[in-house]
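Okay, so here's the structure we're looking at.
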Amino acid sequence: MIISHKHRFIFFAVPKTATHAVRQALRTHLAAGDWEQQTLFGEQYLPIPELAAMKHGHISARQLKHHLPQGTWDSYFKFGFVRNPFDRFVSACFFLNRGVQDFQSSAGSFMKQAVRRPRFQQRALGRPQAHYLCDHTGEIAVDYVGRYESLQASFDHICKEIGISSSNLSRKNASEHDSYAKYYDKELRDLVADFYRDDLRLFAYEWER
């Protein structure tokens, strides 16, 4: 998460949506009084004890809102990025199993177990993207939702909105895998579609071969 008081924006970092590439690009524009929370590349925390105690930077709109003055929430440009849930799920699973020698040969079996497992469902990498970008009523709570599939164009639009110069985004912290469709059978596809049904509906994604 980044909160820039200088440029009046809030960036919600949804896991596995090019978060670190976007964060790195935005960081060059931050002023001394701006806030950031992330722990993967060094450790930085918001000056809000309850949120700092989470020990990661994937803070949701509903978690942040009541910690800010209403005027700040209403006037700052709030944004985040989303990704096709079928693709994002594969990326998350490969990231969690980086360095595991036998994962490729049993990826489908692992994924079927993971998507059913409460521990995976509740961790930052597994939670639906709607968790991060929606309010308590289930409605989108940010001003703009960028898309991983058109990352640079979405980022360019954000930069124009907040009045900073854009830059070319680089790959950071990416997991290596083939096209997501390779890893699915009907059972896994149905399981993932059910768990991420809000993401599919709210952000207009579907299965794409």
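Each chain of the structure tokens is named A, B, ... in the order shown, its residues numbered from 1; ligands are numbered from 1 in display order.
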
Practice item. Write out as a VMD selection string each polymer residue whose atoms come within 12 Å of A:Phe120, counting only C-alpha atoms; drop sequence neighbours fewer than 4 positions from it. Key: chain A and resid 89 92 to 93 96 110 to 116 124 to 128 195

Pull the helix (DSSP H, G or I) assignments for stretch 134-183 of chain A out of DSSP run on the backbone, and list those residues as a PDB file with N, CA and C atoms, in the first residue's frame.
ATOM      1  N   TYR A 148      -4.261  -6.030 -15.111  1.00  0.00           N
ATOM      2  CA  TYR A 148      -2.965  -6.657 -15.348  1.00  0.00           C
ATOM      3  C   TYR A 148      -2.751  -6.911 -16.834  1.00  0.00           C
ATOM      4  N   GLU A 149      -3.827  -7.266 -17.530  1.00  0.00           N
ATOM      5  CA  GLU A 149      -3.726  -7.618 -18.946  1.00  0.00           C
ATOM      6  C   GLU A 149      -3.420  -6.406 -19.829  1.00  0.00           C
ATOM      7  N   SER A 150      -3.665  -5.214 -19.335  1.00  0.00           N
ATOM      8  CA  SER A 150      -3.302  -3.976 -20.045  1.00  0.00           C
ATOM      9  C   SER A 150      -2.562  -3.071 -19.063  1.00  0.00           C
ATOM     10  N   LEU A 151      -1.552  -3.643 -18.433  1.00  0.00           N
ATOM     11  CA  LEU A 151      -0.879  -3.023 -17.295  1.00  0.00           C
ATOM     12  C   LEU A 151      -0.329  -1.638 -17.609  1.00  0.00           C
ATOM     13  N   GLN A 152       0.429  -1.524 -18.682  1.00  0.00           N
ATOM     14  CA  GLN A 152       1.070  -0.244 -18.978  1.00  0.00           C
ATOM     15  C   GLN A 152       0.038   0.836 -19.292  1.00  0.00           C
ATOM     16  N   ALA A 153      -0.963   0.494 -20.086  1.00  0.00           N
ATOM     17  CA  ALA A 153      -1.996   1.476 -20.419  1.00  0.00           C
ATOM     18  C   ALA A 153      -2.755   1.910 -19.169  1.00  0.00           C
ATOM     19  N   SER A 154      -3.052   0.966 -18.270  1.00  0.00           N
ATOM     20  CA  SER A 154      -3.732   1.307 -17.020  1.00  0.00           C
ATOM     21  C   SER A 154      -2.857   2.210 -16.162  1.00  0.00           C
ATOM     22  N   PHE A 155      -1.582   1.896 -16.100  1.00  0.00           N
ATOM     23  CA  PHE A 155      -0.664   2.704 -15.292  1.00  0.00           C
ATOM     24  C   PHE A 155      -0.523   4.107 -15.877  1.00  0.00           C
ATOM     25  N   ASP A 156      -0.439   4.196 -17.197  1.00  0.00           N
ATOM     26  CA  ASP A 156      -0.368   5.511 -17.838  1.00  0.00           C
ATOM     27  C   ASP A 156      -1.581   6.361 -17.480  1.00  0.00           C
ATOM     28  N   HIS A 157      -2.759   5.739 -17.475  1.00  0.00           N
ATOM     29  CA  HIS A 157      -3.989   6.459 -17.120  1.00  0.00           C
ATOM     30  C   HIS A 157      -3.925   6.958 -15.675  1.00  0.00           C
ATOM     31  N   ILE A 158      -3.456   6.112 -14.777  1.00  0.00           N
ATOM     32  CA  ILE A 158      -3.340   6.498 -13.365  1.00  0.00           C
ATOM     33  C   ILE A 158      -2.390   7.675 -13.205  1.00  0.00           C
ATOM     34  N   CYS A 159      -1.255   7.615 -13.870  1.00  0.00           N
ATOM     35  CA  CYS A 159      -0.276   8.699 -13.766  1.00  0.00           C
ATOM     36  C   CYS A 159      -0.883  10.025 -14.229  1.00  0.00           C
ATOM     37  N   LYS A 160      -1.659   9.980 -15.285  1.00  0.00           N
ATOM     38  CA  LYS A 160      -2.318  11.192 -15.778  1.00  0.00           C
ATOM     39  C   LYS A 160      -3.299  11.719 -14.737  1.00  0.00           C
ATOM     40  N   GLU A 161      -4.036  10.832 -14.099  1.00  0.00           N
ATOM     41  CA  GLU A 161      -5.024  11.232 -13.098  1.00  0.00           C
ATOM     42  C   GLU A 161      -4.376  11.892 -11.886  1.00  0.00           C
ATOM     43  N   ILE A 162      -3.221  11.379 -11.455  1.00  0.00           N
ATOM     44  CA  ILE A 162      -2.604  11.903 -10.230  1.00  0.00           C
ATOM     45  C   ILE A 162      -1.514  12.932 -10.510  1.00  0.00           C
ATOM     46  N   TYR A 180      -2.220 -20.253 -18.269  1.00  0.00           N
ATOM     47  CA  TYR A 180      -2.967 -20.849 -17.158  1.00  0.00           C
ATOM     48  C   TYR A 180      -3.857 -22.016 -17.580  1.00  0.00           C
ATOM     49  N   ALA A 181      -4.394 -21.992 -18.810  1.00  0.00           N
ATOM     50  CA  ALA A 181      -5.327 -23.042 -19.232  1.00  0.00           C
ATOM     51  C   ALA A 181      -4.698 -24.430 -19.193  1.00  0.00           C
ATOM     52  N   LYS A 182      -3.378 -24.489 -19.309  1.00  0.00           N
ATOM     53  CA  LYS A 182      -2.675 -25.777 -19.311  1.00  0.00           C
ATOM     54  C   LYS A 182      -2.894 -26.551 -18.010  1.00  0.00           C
ATOM     55  N   TYR A 183      -3.144 -25.864 -16.914  1.00  0.00           N
ATOM     56  CA  TYR A 183      -3.166 -26.500 -15.598  1.00  0.00           C
ATOM     57  C   TYR A 183      -4.568 -26.884 -15.122  1.00  0.00           C
TER      58      TYR A 183
END

Which neighbours of stretch 184-186 of chain A fall inside 10 Å, counting only C-alpha atoms, when residues of the same chain fewer than 4 positions from it are skipped, and could you give them as a PDB file with N, CA and C atoms, in the first residue's frame?
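What ended up in out_10.pdb:
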ATOM      1  N   PHE A  86      -8.510 -16.896 -12.921  1.00  0.00           N
ATOM      2  CA  PHE A  86      -7.947 -18.197 -13.281  1.00  0.00           C
ATOM      3  C   PHE A  86      -6.423 -18.104 -13.440  1.00  0.00           C
ATOM      4  N   VAL A  90      -3.226 -19.484 -10.605  1.00  0.00           N
ATOM      5  CA  VAL A  90      -2.064 -20.270 -11.024  1.00  0.00           C
ATOM      6  C   VAL A  90      -0.775 -19.569 -10.602  1.00  0.00           C
ATOM      7  N   ALA A 107       1.048 -30.194 -10.018  1.00  0.00           N
ATOM      8  CA  ALA A 107       0.453 -28.863  -9.849  1.00  0.00           C
ATOM      9  C   ALA A 107      -1.067 -28.928  -9.754  1.00  0.00           C
ATOM     10  N   GLY A 108      -1.700 -29.708 -10.617  1.00  0.00           N
ATOM     11  CA  GLY A 108      -3.156 -29.784 -10.606  1.00  0.00           C
ATOM     12  C   GLY A 108      -3.693 -30.294  -9.289  1.00  0.00           C
ATOM     13  N   MET A 111      -3.304 -27.639  -6.599  1.00  0.00           N
ATOM     14  CA  MET A 111      -4.236 -26.530  -6.764  1.00  0.00           C
ATOM     15  C   MET A 111      -5.641 -26.900  -6.297  1.00  0.00           C
ATOM     16  N   LYS A 112      -6.072 -28.129  -6.567  1.00  0.00           N
ATOM     17  CA  LYS A 112      -7.392 -28.558  -6.117  1.00  0.00           C
ATOM     18  C   LYS A 112      -7.471 -28.589  -4.593  1.00  0.00           C
ATOM     19  N   TYR A 180      -2.220 -20.253 -18.269  1.00  0.00           N
ATOM     20  CA  TYR A 180      -2.967 -20.849 -17.158  1.00  0.00           C
ATOM     21  C   TYR A 180      -3.857 -22.016 -17.580  1.00  0.00           C
ATOM     22  N   ASP A 190     -14.104 -25.411 -12.162  1.00  0.00           N
ATOM     23  CA  ASP A 190     -15.333 -25.162 -11.406  1.00  0.00           C
ATOM     24  C   ASP A 190     -15.023 -24.701  -9.983  1.00  0.00           C
ATOM     25  N   LEU A 191     -14.020 -25.291  -9.368  1.00  0.00           N
ATOM     26  CA  LEU A 191     -13.642 -24.909  -8.004  1.00  0.00           C
ATOM     27  C   LEU A 191     -13.163 -23.461  -7.949  1.00  0.00           C
ATOM     28  N   VAL A 192     -12.306 -23.086  -8.896  1.00  0.00           N
ATOM     29  CA  VAL A 192     -11.756 -21.730  -8.916  1.00  0.00           C
ATOM     30  C   VAL A 192     -12.849 -20.722  -9.259  1.00  0.00           C
TER      31      VAL A 192
END

Point to revise | A:Phe81 environment, 9 Å, only C-alpha atoms, sequence neighbours closer than 4 positions dropped, as number ranges by chain | key: A: 12-14, 17-19, 129, 133, 144-148, 151, 154

Selected residues written out, N, CA and C atoms, as a CSV table (one decimal), in the first residue's frame:
chain,number,residue,atom,x,y,z
A,12,PHE,N,-3.9,0.6,-3.6
A,12,PHE,CA,-4.1,-0.7,-2.9
A,12,PHE,C,-3.4,-1.8,-3.6
A,13,ALA,N,-2.5,-2.5,-2.9
A,13,ALA,CA,-1.7,-3.5,-3.5
A,13,ALA,C,-2.3,-4.9,-3.5
A,14,VAL,N,-3.0,-5.3,-4.6
A,14,VAL,CA,-3.6,-6.6,-4.7
A,14,VAL,C,-2.5,-7.6,-5.1
A,17,THR,N,-0.7,-9.0,-9.0
A,17,THR,CA,-1.3,-8.1,-10.1
A,17,THR,C,-0.2,-7.1,-10.5
A,18,ALA,N,1.1,-7.5,-10.5
A,18,ALA,CA,2.2,-6.6,-10.8
A,18,ALA,C,2.4,-5.6,-9.7
A,19,THR,N,2.0,-5.9,-8.5
A,19,THR,CA,2.1,-4.9,-7.4
A,19,THR,C,3.5,-4.3,-7.2
A,129,GLN,N,-9.8,-10.8,-5.2
A,129,GLN,CA,-9.4,-9.4,-5.4
A,129,GLN,C,-10.5,-8.5,-4.8
A,133,LEU,N,-10.6,-4.5,-2.8
A,133,LEU,CA,-11.0,-3.3,-3.5
A,133,LEU,C,-12.5,-2.9,-3.3
A,144,TYR,N,-10.6,3.8,-9.5
A,144,TYR,CA,-10.2,3.2,-10.8
A,144,TYR,C,-9.6,1.8,-10.5
A,145,VAL,N,-10.0,0.9,-11.4
A,145,VAL,CA,-9.4,-0.5,-11.3
A,145,VAL,C,-8.6,-0.7,-12.6
A,146,GLY,N,-7.3,-0.8,-12.4
A,146,GLY,CA,-6.5,-1.1,-13.6
A,146,GLY,C,-6.5,-2.6,-13.8
A,147,ARG,N,-6.0,-3.0,-15.0
A,147,ARG,CA,-6.0,-4.4,-15.4
A,147,ARG,C,-4.6,-4.9,-15.7
A,148,TYR,N,-4.3,-6.0,-15.1
A,148,TYR,CA,-3.0,-6.7,-15.3
A,148,TYR,C,-2.8,-6.9,-16.8
A,151,LEU,N,-1.6,-3.6,-18.4
A,151,LEU,CA,-0.9,-3.0,-17.3
A,151,LEU,C,-0.3,-1.6,-17.6
A,154,SER,N,-3.1,1.0,-18.3
A,154,SER,CA,-3.7,1.3,-17.0
A,154,SER,C,-2.9,2.2,-16.2

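Between atom CA of A:Gly163 and atom CA of A:Arg8 the separation is 9.6 Å.
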
Practice item. Name all residues at most 8 Å from stretch 25-38 of chain A (count only C-alpha atoms; drop same-chain ones fewer than 6 positions away) and give them as a PyMOL selection string. Key: chain A and resi 1-6+44-47+52+55-58+164+167+169

Requested write-out: N, CA and C atoms of the selected residues, as a short mmCIF file (atom, residue, chain, number, x, y, z; two decimals), in the first residue's frame:
data_model
loop_
_atom_site.label_atom_id
_atom_site.label_comp_id
_atom_site.auth_asym_id
_atom_site.auth_seq_id
_atom_site.Cartn_x
_atom_site.Cartn_y
_atom_site.Cartn_z
N MET A 1 0.83 -1.20 0.00
CA MET A 1 0.00 0.00 0.00
C MET A 1 0.87 1.24 0.00
N ILE A 2 0.43 2.24 -0.76
CA ILE A 2 1.05 3.56 -0.74
C ILE A 2 -0.04 4.60 -0.57
N ILE A 3 0.21 5.54 0.34
CA ILE A 3 -0.66 6.71 0.50
C ILE A 3 0.21 7.94 0.31
N SER A 4 -0.01 8.66 -0.77
CA SER A 4 0.76 9.86 -1.07
C SER A 4 -0.07 11.09 -0.74
N HIS A 5 0.37 11.83 0.27
CA HIS A 5 -0.29 13.09 0.61
C HIS A 5 0.13 14.19 -0.37
N LYS A 6 1.32 14.05 -0.92
CA LYS A 6 1.79 15.03 -1.90
C LYS A 6 0.93 14.99 -3.16
N GLN A 44 8.68 -1.42 5.48
CA GLN A 44 8.13 -0.08 5.69
C GLN A 44 6.70 -0.24 6.16
N TYR A 45 6.30 0.61 7.11
CA TYR A 45 4.98 0.46 7.71
C TYR A 45 4.25 1.80 7.77
N LEU A 46 2.93 1.75 7.65
CA LEU A 46 2.11 2.93 7.83
C LEU A 46 2.15 3.36 9.30
N PRO A 47 2.00 4.66 9.56
CA PRO A 47 1.97 5.14 10.95
C PRO A 47 0.59 4.93 11.59
N ALA A 52 -0.10 -1.54 10.71
CA ALA A 52 1.30 -1.95 10.74
C ALA A 52 1.44 -3.35 11.33
N LYS A 55 1.78 -6.74 9.20
CA LYS A 55 3.09 -7.24 8.74
C LYS A 55 3.14 -7.55 7.25
N HIS A 56 2.24 -6.97 6.47
CA HIS A 56 2.35 -7.03 5.02
C HIS A 56 1.64 -5.82 4.44
N GLY A 57 1.82 -5.60 3.14
CA GLY A 57 1.30 -4.38 2.53
C GLY A 57 -0.01 -4.54 1.79
N HIS A 58 -0.65 -5.69 1.91
CA HIS A 58 -1.88 -5.95 1.17
C HIS A 58 -3.10 -5.61 2.04
N ILE A 164 1.50 12.77 -12.35
CA ILE A 164 2.92 12.44 -12.36
C ILE A 164 3.30 11.89 -13.73
N SER A 167 6.18 5.90 -16.54
CA SER A 167 7.43 5.23 -16.89
C SER A 167 7.10 3.81 -17.29
N LEU A 169 6.97 0.00 -16.99
CA LEU A 169 6.97 -0.91 -15.86
C LEU A 169 7.83 -2.14 -16.17
#

Check your understanding: Taking only C-alpha atoms into account, which of A:Phe41, A:Pro85, A:Gln122, A:His136 comes nearest A:Leu64?
Key -> A:His136
